[in-house]
Amino acid sequence: MPLNRRKFLKKSAVTGAGVAIAGAAAAPAAAAAGGGKGAKGGKRYSLTVLGTTDLHGRVFNWDYFKDADYADAAGNTQGLARISTLVNQVRAEKGRRNTLLLDAGDTIQGTPLTYYYAKVDPITAEGGPVHPMAQAMNAIGYDAVALGNHEFNYGIETLRKFEEQCDFPLLGANAVDAKTLKPAFPPYFMKTFRVPGARPVKVAVLGLTNPGIAIWDKAYVQGKLAFPGLEEQAAKWVPRLKSMGADVVVVSAHSGSSGTSSYGDQLPHVENAAANVARLVPDIDAILVGHAHVEIPELRVTNDRTGKTVVLSEPLAYAQRMSVFDFELVFAKGRWSVESVSAKVLNSNTVEDDPKITKLLADEHAKVVEYVNQVVGTATETLTTVEARYKDAPIIDLITKVQEDVVREALAGTEYAALPVIAQASPFSRTSEIPAGEVTIRDLSSLYVYDNTLVAKLMTGAQLRAYLEYSAEYFVRTAAGAAVDVSQLTNANGRPDYNYDYVSGLSYDIDIAQAAGSRIRNLTYGGVALDDAQQFVFAVNNYRANGGGAFPHVASVPELWSESTEIRTRIAEWVTAKGVLDPEDFASVDWRLTRDGTPVF
């Protein structure tokens, strides 16, 4: 069995090794093990490593926000119940004793299912439930899982409880104690595969997480945990793993392959560093990539020092794909060496749910479905995000109104109570809808799909002007006479929708005929031109407040207040208290798109 954290730390202190070791797996027969003679008489062994990533609480092929089976235009399916079927198929083909099952993180956040067991019926309560993701992944038989950044969204106590409930280690070589810089989680996992008639094959899995945790979940980790760069920690640990006899080194990295960072230069470490690790650190054979939510069946990267090829694969998020790495090893001169590695992805839409998993978690699923369908109010008209990217939509004004009200109440009686409160919000989804009539928690949750919390920052007029200019870079420059195609109007330079912000309380035009950086026009507050020196309380989500999206100033200005209650919960509370959801109570047209002063719409 893998060592849990307590056993790991005790062993680490005694040996200085810090390894979580699984028991040896014996191949039932040479043929089943892929064992046999090579062309030159050398012993051979075939190993298969399976990988998922960014599961984000998907156990079932179910959309809790739509109260229906998940469906998209591409025909994808989701959920660990499907992955379980794929895993069973590969294990049947390759022999279970010749396979390893890994994940690259972001497991316990992302759906009402994970929210429910973090906040409504929390796993941290005395005698509380076992997390559904732990139950499912234990049942499927995961060997090791890397920490994702979203593992920290509910605080360290929830993460540690989840870790305790898992039958596999949560790996994070670059998640260290802030004071001692010693590993706070197991850095690696090793497993021995027996091969009849030859020396066993030792496989090491190094887990790496994302440095951005220091920014995105600063409220939970500051002063407690530190997150050095992936390249640095891989360079430290891979030689140790080789010296301990690892024949194969696999990295499970919650880090994309692009070499870019969303947080600019706020951290000295690269956010999406997986390809850098492959290029800079010798002796890695394969990397399971996560975090970026893109599908990469196989990416081959040449190591700068050895010239050897490292194979990377990233399966599509939400259990839509599973990566399969096939290793061919040959035994010569008393040691195993990796002769070849190839990777591919399997599509979960090619199989049905594993009934073992659906039966195991049917009760938990039913509880969450009941929870999200609770009616909390009534809407006077339908509100939708369909046009929210390019028109000031009342549904986004609801978010900013709730944030303003919460912050205003929180600062009542303080020295900042007299300052004007304004707020930001992003159009997270293009399909959210709050229907006229009864409003449920499900409707409101679909509007705010992230578990962000609220922060109050102190900003000046000049800083807010720069903030808006940066936000306006989201729009594609469009000449005054050109036809407008709304499908081509946004996401300039690949910027996602969640990195475009409305700012309430100010009035402004965004002139998309102008170059980026010169688009904010007619910026006013209270009907007069904005005073650059005026101070505002800015109600902002914790992702943005801590530097997510690299918006200017907001991460460095003074923080006046913060809380751990999710913004989506605040929205539900606000609607519940009102009883009636009427745009008259929250909607206003604060901004519009123009071209050379003429409105686009």
# chains A, B, ... in the order shown; residues from 1 in each chain; ligands from 1
$ residues_around --residues "Gln266 (chain A)" --least-positions-apart "4" --cutoff "10 Å" --atoms "only C-alpha atoms" --output "number ranges by chain"
A: 212, 215, 261-262, 546-548, 550, 555-556
$ residues_around --residues "Tyr117 (chain A)" --least-positions-apart "4" --cutoff "8 Å" --atoms "only C-alpha atoms" --output "MDAnalysis selection string"
chainID A and resid 113 121:123 129 131:132
$ write_last_selection --atoms "all heavy atoms" --output "PDB file, in the first residue's frame"
ATOM      1  N   LEU A 113     -21.235  18.455  -7.249  1.00  0.00           N
ATOM      2  CA  LEU A 113     -20.907  17.259  -6.474  1.00  0.00           C
ATOM      3  C   LEU A 113     -19.742  17.534  -5.527  1.00  0.00           C
ATOM      4  O   LEU A 113     -19.798  17.226  -4.330  1.00  0.00           O
ATOM      5  CB  LEU A 113     -20.565  16.098  -7.417  1.00  0.00           C
ATOM      6  CG  LEU A 113     -20.207  14.773  -6.738  1.00  0.00           C
ATOM      7  CD1 LEU A 113     -21.464  14.080  -6.220  1.00  0.00           C
ATOM      8  CD2 LEU A 113     -19.457  13.852  -7.703  1.00  0.00           C
ATOM      9  N   ASP A 121     -22.272  19.076   2.936  1.00  0.00           N
ATOM     10  CA  ASP A 121     -22.074  17.896   3.790  1.00  0.00           C
ATOM     11  C   ASP A 121     -20.582  17.594   3.765  1.00  0.00           C
ATOM     12  O   ASP A 121     -20.124  16.662   3.120  1.00  0.00           O
ATOM     13  CB  ASP A 121     -22.887  16.711   3.248  1.00  0.00           C
ATOM     14  CG  ASP A 121     -22.833  15.486   4.160  1.00  0.00           C
ATOM     15  OD1 ASP A 121     -22.331  15.611   5.299  1.00  0.00           O
ATOM     16  OD2 ASP A 121     -23.277  14.407   3.723  1.00  0.00           O
ATOM     17  N   PRO A 122     -19.788  18.403   4.493  1.00  0.00           N
ATOM     18  CA  PRO A 122     -18.335  18.381   4.280  1.00  0.00           C
ATOM     19  C   PRO A 122     -17.650  17.128   4.802  1.00  0.00           C
ATOM     20  O   PRO A 122     -18.026  16.579   5.850  1.00  0.00           O
ATOM     21  CB  PRO A 122     -17.858  19.612   5.059  1.00  0.00           C
ATOM     22  CG  PRO A 122     -18.910  19.855   6.092  1.00  0.00           C
ATOM     23  CD  PRO A 122     -20.203  19.421   5.465  1.00  0.00           C
ATOM     24  N   ILE A 123     -16.662  16.687   4.062  1.00  0.00           N
ATOM     25  CA  ILE A 123     -15.882  15.511   4.466  1.00  0.00           C
ATOM     26  C   ILE A 123     -15.099  15.787   5.743  1.00  0.00           C
ATOM     27  O   ILE A 123     -14.681  14.845   6.429  1.00  0.00           O
ATOM     28  CB  ILE A 123     -14.936  15.047   3.344  1.00  0.00           C
ATOM     29  CG1 ILE A 123     -13.908  16.139   2.988  1.00  0.00           C
ATOM     30  CG2 ILE A 123     -15.721  14.609   2.116  1.00  0.00           C
ATOM     31  CD1 ILE A 123     -12.824  15.673   2.024  1.00  0.00           C
ATOM     32  N   PRO A 129     -18.778  12.227   5.496  1.00  0.00           N
ATOM     33  CA  PRO A 129     -18.744  11.244   4.404  1.00  0.00           C
ATOM     34  C   PRO A 129     -17.342  11.095   3.811  1.00  0.00           C
ATOM     35  O   PRO A 129     -16.454  11.913   4.040  1.00  0.00           O
ATOM     36  CB  PRO A 129     -19.697  11.851   3.373  1.00  0.00           C
ATOM     37  CG  PRO A 129     -19.615  13.330   3.622  1.00  0.00           C
ATOM     38  CD  PRO A 129     -19.427  13.489   5.100  1.00  0.00           C
ATOM     39  N   HIS A 131     -15.249  11.354   0.484  1.00  0.00           N
ATOM     40  CA  HIS A 131     -15.421  12.145  -0.740  1.00  0.00           C
ATOM     41  C   HIS A 131     -15.729  11.231  -1.934  1.00  0.00           C
ATOM     42  O   HIS A 131     -15.067  10.201  -2.115  1.00  0.00           O
ATOM     43  CB  HIS A 131     -14.147  12.941  -1.022  1.00  0.00           C
ATOM     44  CG  HIS A 131     -14.350  14.099  -1.940  1.00  0.00           C
ATOM     45  ND1 HIS A 131     -14.620  13.944  -3.282  1.00  0.00           N
ATOM     46  CD2 HIS A 131     -14.354  15.441  -1.711  1.00  0.00           C
ATOM     47  CE1 HIS A 131     -14.767  15.135  -3.845  1.00  0.00           C
ATOM     48  NE2 HIS A 131     -14.616  16.058  -2.908  1.00  0.00           N
ATOM     49  N   PRO A 132     -16.725  11.587  -2.751  1.00  0.00           N
ATOM     50  CA  PRO A 132     -17.064  10.748  -3.911  1.00  0.00           C
ATOM     51  C   PRO A 132     -15.886  10.497  -4.847  1.00  0.00           C
ATOM     52  O   PRO A 132     -15.777   9.404  -5.421  1.00  0.00           O
ATOM     53  CB  PRO A 132     -18.169  11.543  -4.613  1.00  0.00           C
ATOM     54  CG  PRO A 132     -18.767  12.388  -3.543  1.00  0.00           C
ATOM     55  CD  PRO A 132     -17.651  12.727  -2.608  1.00  0.00           C
TER      56      PRO A 132
END
$ residues_around --residues "region 207-209 of chain A" --least-positions-apart "3" --cutoff "9 Å" --atoms "only C-alpha atoms" --output "ChimeraX atom specification"
/A:104-105,144-149,170-175,186-189,212-213,227,229-230,233-234,250-255
$ residues_around --residues "region 445-449 of chain A" --least-positions-apart "6" --cutoff "6 Å" --atoms "only C-alpha atoms" --output "VMD selection string"
chain A and resid 65 432 568
$ residues_around --residues "Ile571 (chain A)" --least-positions-apart "2" --cutoff "12 Å" --atoms "only C-alpha atoms" --output "PyMOL selection string"
chain A and resi 376-377+395-406+439-449+452-454+565-569+573-578+581
$ write_last_selection --atoms "N, CA, C and O atoms" --output "compact mmCIF listing (two decimals), in the first residue's frame"
# COMPACT_ATOMS: atom_id res chain seq x y z
N VAL A 376 -35.17 28.75 -4.83
CA VAL A 376 -34.79 29.80 -3.87
C VAL A 376 -35.43 31.15 -4.20
O VAL A 376 -35.29 32.10 -3.44
N GLY A 377 -36.12 31.26 -5.32
CA GLY A 377 -36.73 32.53 -5.66
C GLY A 377 -37.49 32.46 -6.97
O GLY A 377 -37.64 31.38 -7.55
N ILE A 395 -27.60 39.83 -16.50
CA ILE A 395 -27.25 38.65 -15.71
C ILE A 395 -25.87 38.80 -15.06
O ILE A 395 -25.62 38.30 -13.96
N ILE A 396 -24.96 39.52 -15.73
CA ILE A 396 -23.63 39.77 -15.14
C ILE A 396 -23.73 40.89 -14.11
O ILE A 396 -23.02 40.88 -13.09
N ASP A 397 -24.62 41.85 -14.36
CA ASP A 397 -24.86 42.89 -13.35
C ASP A 397 -25.35 42.30 -12.03
O ASP A 397 -25.11 42.87 -10.96
N LEU A 398 -26.05 41.18 -12.09
CA LEU A 398 -26.48 40.51 -10.86
C LEU A 398 -25.26 40.14 -10.00
O LEU A 398 -25.26 40.35 -8.78
N ILE A 399 -24.23 39.62 -10.65
CA ILE A 399 -23.02 39.23 -9.91
C ILE A 399 -22.38 40.46 -9.26
O ILE A 399 -22.04 40.44 -8.07
N THR A 400 -22.21 41.53 -10.05
CA THR A 400 -21.54 42.71 -9.49
C THR A 400 -22.37 43.35 -8.38
O THR A 400 -21.81 43.83 -7.39
N LYS A 401 -23.71 43.33 -8.53
CA LYS A 401 -24.58 43.90 -7.49
C LYS A 401 -24.43 43.13 -6.18
O LYS A 401 -24.31 43.72 -5.10
N VAL A 402 -24.42 41.80 -6.26
CA VAL A 402 -24.25 40.98 -5.06
C VAL A 402 -22.90 41.27 -4.41
O VAL A 402 -22.81 41.45 -3.18
N GLN A 403 -21.86 41.34 -5.21
CA GLN A 403 -20.52 41.60 -4.66
C GLN A 403 -20.45 42.97 -4.00
O GLN A 403 -19.86 43.12 -2.93
N GLU A 404 -21.03 43.97 -4.64
CA GLU A 404 -21.06 45.31 -4.05
C GLU A 404 -21.76 45.29 -2.70
O GLU A 404 -21.27 45.86 -1.71
N ASP A 405 -22.92 44.65 -2.65
CA ASP A 405 -23.70 44.63 -1.41
C ASP A 405 -22.97 43.91 -0.28
O ASP A 405 -22.97 44.38 0.86
N VAL A 406 -22.34 42.79 -0.60
CA VAL A 406 -21.62 42.03 0.43
C VAL A 406 -20.45 42.84 0.98
O VAL A 406 -20.24 42.93 2.19
N VAL A 439 -36.62 29.92 -9.65
CA VAL A 439 -35.17 29.94 -9.76
C VAL A 439 -34.58 28.97 -8.74
O VAL A 439 -34.93 29.01 -7.56
N THR A 440 -33.71 28.10 -9.21
CA THR A 440 -33.10 27.09 -8.33
C THR A 440 -31.63 27.39 -8.09
O THR A 440 -31.02 28.22 -8.79
N ILE A 441 -31.06 26.69 -7.11
CA ILE A 441 -29.62 26.78 -6.88
C ILE A 441 -28.87 26.38 -8.14
O ILE A 441 -27.84 26.96 -8.48
N ARG A 442 -29.41 25.42 -8.86
CA ARG A 442 -28.78 24.98 -10.11
C ARG A 442 -28.68 26.12 -11.12
O ARG A 442 -27.65 26.30 -11.77
N ASP A 443 -29.74 26.90 -11.26
CA ASP A 443 -29.73 28.03 -12.19
C ASP A 443 -28.63 29.02 -11.81
O ASP A 443 -27.90 29.52 -12.67
N LEU A 444 -28.54 29.32 -10.52
CA LEU A 444 -27.58 30.32 -10.07
C LEU A 444 -26.15 29.78 -10.12
O LEU A 444 -25.21 30.52 -10.44
N SER A 445 -25.98 28.50 -9.85
CA SER A 445 -24.65 27.90 -9.91
C SER A 445 -24.10 27.89 -11.32
O SER A 445 -22.90 28.04 -11.54
N SER A 446 -24.99 27.73 -12.29
CA SER A 446 -24.53 27.71 -13.69
C SER A 446 -24.04 29.07 -14.13
O SER A 446 -23.26 29.19 -15.07
N LEU A 447 -24.49 30.11 -13.43
CA LEU A 447 -24.02 31.46 -13.75
C LEU A 447 -22.60 31.67 -13.24
O LEU A 447 -21.79 32.32 -13.89
N TYR A 448 -22.29 31.10 -12.07
CA TYR A 448 -20.96 31.28 -11.49
C TYR A 448 -20.36 29.91 -11.23
O TYR A 448 -20.54 29.31 -10.17
N VAL A 449 -19.66 29.40 -12.25
CA VAL A 449 -19.24 28.00 -12.23
C VAL A 449 -17.98 27.75 -11.41
O VAL A 449 -17.63 26.61 -11.13
N ASN A 452 -14.86 30.68 -6.68
CA ASN A 452 -14.16 31.89 -6.26
C ASN A 452 -14.81 32.49 -5.02
O ASN A 452 -16.02 32.36 -4.80
N THR A 453 -13.98 33.19 -4.25
CA THR A 453 -14.45 33.92 -3.08
C THR A 453 -14.19 35.41 -3.29
O THR A 453 -13.54 35.81 -4.26
N LEU A 454 -14.69 36.22 -2.36
CA LEU A 454 -14.72 37.66 -2.56
C LEU A 454 -13.63 38.38 -1.76
O LEU A 454 -13.36 38.04 -0.60
N THR A 565 -16.37 32.40 1.92
CA THR A 565 -17.66 31.97 1.35
C THR A 565 -17.65 32.20 -0.15
O THR A 565 -17.26 33.27 -0.62
N GLU A 566 -18.07 31.19 -0.92
CA GLU A 566 -18.04 31.30 -2.37
C GLU A 566 -19.01 32.37 -2.87
O GLU A 566 -20.09 32.56 -2.31
N ILE A 567 -18.62 33.04 -3.93
CA ILE A 567 -19.46 34.07 -4.53
C ILE A 567 -20.79 33.46 -4.97
O ILE A 567 -21.85 34.08 -4.83
N ARG A 568 -20.75 32.24 -5.49
CA ARG A 568 -22.01 31.61 -5.92
C ARG A 568 -22.97 31.43 -4.74
O ARG A 568 -24.18 31.57 -4.88
N THR A 569 -22.40 31.14 -3.56
CA THR A 569 -23.25 31.04 -2.37
C THR A 569 -23.85 32.40 -2.01
O THR A 569 -25.03 32.49 -1.64
N GLU A 573 -27.76 33.36 -1.63
CA GLU A 573 -28.28 34.01 -0.43
C GLU A 573 -29.01 35.30 -0.78
O GLU A 573 -30.08 35.60 -0.22
N TRP A 574 -28.45 36.06 -1.69
CA TRP A 574 -29.04 37.35 -2.09
C TRP A 574 -30.40 37.13 -2.74
O TRP A 574 -31.38 37.80 -2.40
N VAL A 575 -30.47 36.15 -3.65
CA VAL A 575 -31.73 35.87 -4.34
C VAL A 575 -32.76 35.32 -3.35
O VAL A 575 -33.94 35.68 -3.38
N THR A 576 -32.30 34.44 -2.45
CA THR A 576 -33.20 33.88 -1.44
C THR A 576 -33.80 34.98 -0.56
O THR A 576 -35.01 34.97 -0.26
N ALA A 577 -32.95 35.92 -0.15
CA ALA A 577 -33.43 37.02 0.70
C ALA A 577 -34.41 37.92 -0.03
O ALA A 577 -35.40 38.38 0.55
N LYS A 578 -34.14 38.16 -1.31
CA LYS A 578 -35.05 39.02 -2.10
C LYS A 578 -36.36 38.32 -2.41
O LYS A 578 -37.43 38.94 -2.44
N LEU A 581 -36.39 37.95 -8.27
CA LEU A 581 -35.23 38.38 -9.05
C LEU A 581 -35.71 39.28 -10.18
O LEU A 581 -36.20 38.82 -11.20
$ residues_around --residues "Leu55 (chain A)" --least-positions-apart "3" --cutoff "7 Å" --atoms "only C-alpha atoms" --output "NGL selection string"
:A and (58 or 106-107 or 317-319)
$ write_last_selection --atoms "C-alpha atoms" --output "PDB file, in the first residue's frame"
ATOM      1  CA  ARG A  58     -16.815  14.376 -12.825  1.00  0.00           C
ATOM      2  CA  ASP A 106      -7.571  19.053 -10.208  1.00  0.00           C
ATOM      3  CA  THR A 107      -9.808  16.440  -8.690  1.00  0.00           C
ATOM      4  CA  ALA A 317     -10.265  17.291 -19.135  1.00  0.00           C
ATOM      5  CA  TYR A 318     -13.367  16.044 -17.283  1.00  0.00           C
ATOM      6  CA  ALA A 319     -12.607  12.373 -18.028  1.00  0.00           C
TER       7      ALA A 319
END
$ residues_around --residues "Ala418 (chain A)" --least-positions-apart "4" --cutoff "10 Å" --atoms "only C-alpha atoms" --output "CSV table (one decimal) with N, CA, C and O atoms, in the first residue's frame"
chain,number,residue,atom,x,y,z
A,408,ARG,N,-20.0,46.1,0.8
A,408,ARG,CA,-20.5,47.3,1.5
A,408,ARG,C,-20.9,47.0,2.9
A,408,ARG,O,-20.5,47.7,3.9
A,411,LEU,N,-17.7,46.3,5.2
A,411,LEU,CA,-16.9,47.4,5.5
A,411,LEU,C,-17.7,48.5,6.3
A,411,LEU,O,-17.1,49.5,6.7
A,412,ALA,N,-19.0,48.2,6.6
A,412,ALA,CA,-19.7,49.2,7.3
A,412,ALA,C,-19.1,49.4,8.7
A,412,ALA,O,-18.7,48.5,9.4
A,413,GLY,N,-19.0,50.7,9.1
A,413,GLY,CA,-18.3,51.0,10.4
A,413,GLY,C,-16.8,51.1,10.3
A,413,GLY,O,-16.2,51.3,11.4
A,414,THR,N,-16.2,50.8,9.2
A,414,THR,CA,-14.8,50.9,9.1
A,414,THR,C,-14.4,52.3,8.5
A,414,THR,O,-15.3,53.0,8.0
A,536,PHE,N,-11.4,54.0,-4.6
A,536,PHE,CA,-12.6,53.1,-4.7
A,536,PHE,C,-12.3,51.9,-3.9
A,536,PHE,O,-11.2,51.4,-3.9
A,537,VAL,N,-13.4,51.3,-3.4
A,537,VAL,CA,-13.3,49.9,-2.9
A,537,VAL,C,-13.7,49.0,-4.1
A,537,VAL,O,-14.8,49.1,-4.6
$ closest_residue --among "A:Asn276, A:Thr192, A:Ser323, A:Thr350" --to "Glu231 (chain A)" --atoms "only C-alpha atoms"
A:Asn276
$ select_by_dssp --residues "region 330-393 of chain A" --states "strand (DSSP E)" --output "VMD selection string"
chain A and resid 330 to 332 335 to 347 375 to 379 383 to 384
$ atom_distance --atom1 "CA of Ala529 (chain A)" --atom2 "CA of Ala462 (chain A)"
11.7 Å
$ atom_distance --atom1 "CA of Ile284 (chain A)" --atom2 "CA of Arg335 (chain A)"
16.7 Å
$ closest_residue --among "A:Ala235, A:Ile422, A:Ala118, A:Ala587" --to "Leu383 (chain A)" --atoms "only C-alpha atoms"
A:Ala587
$ closest_residue --among "A:Gly437, A:Gly549, A:Pro420, A:Pro239" --to "Gly526 (chain A)" --atoms "only C-alpha atoms"
A:Pro420
$ atom_distance --atom1 "CA of Tyr416 (chain A)" --atom2 "CA of Leu560 (chain A)"
8.3 Å
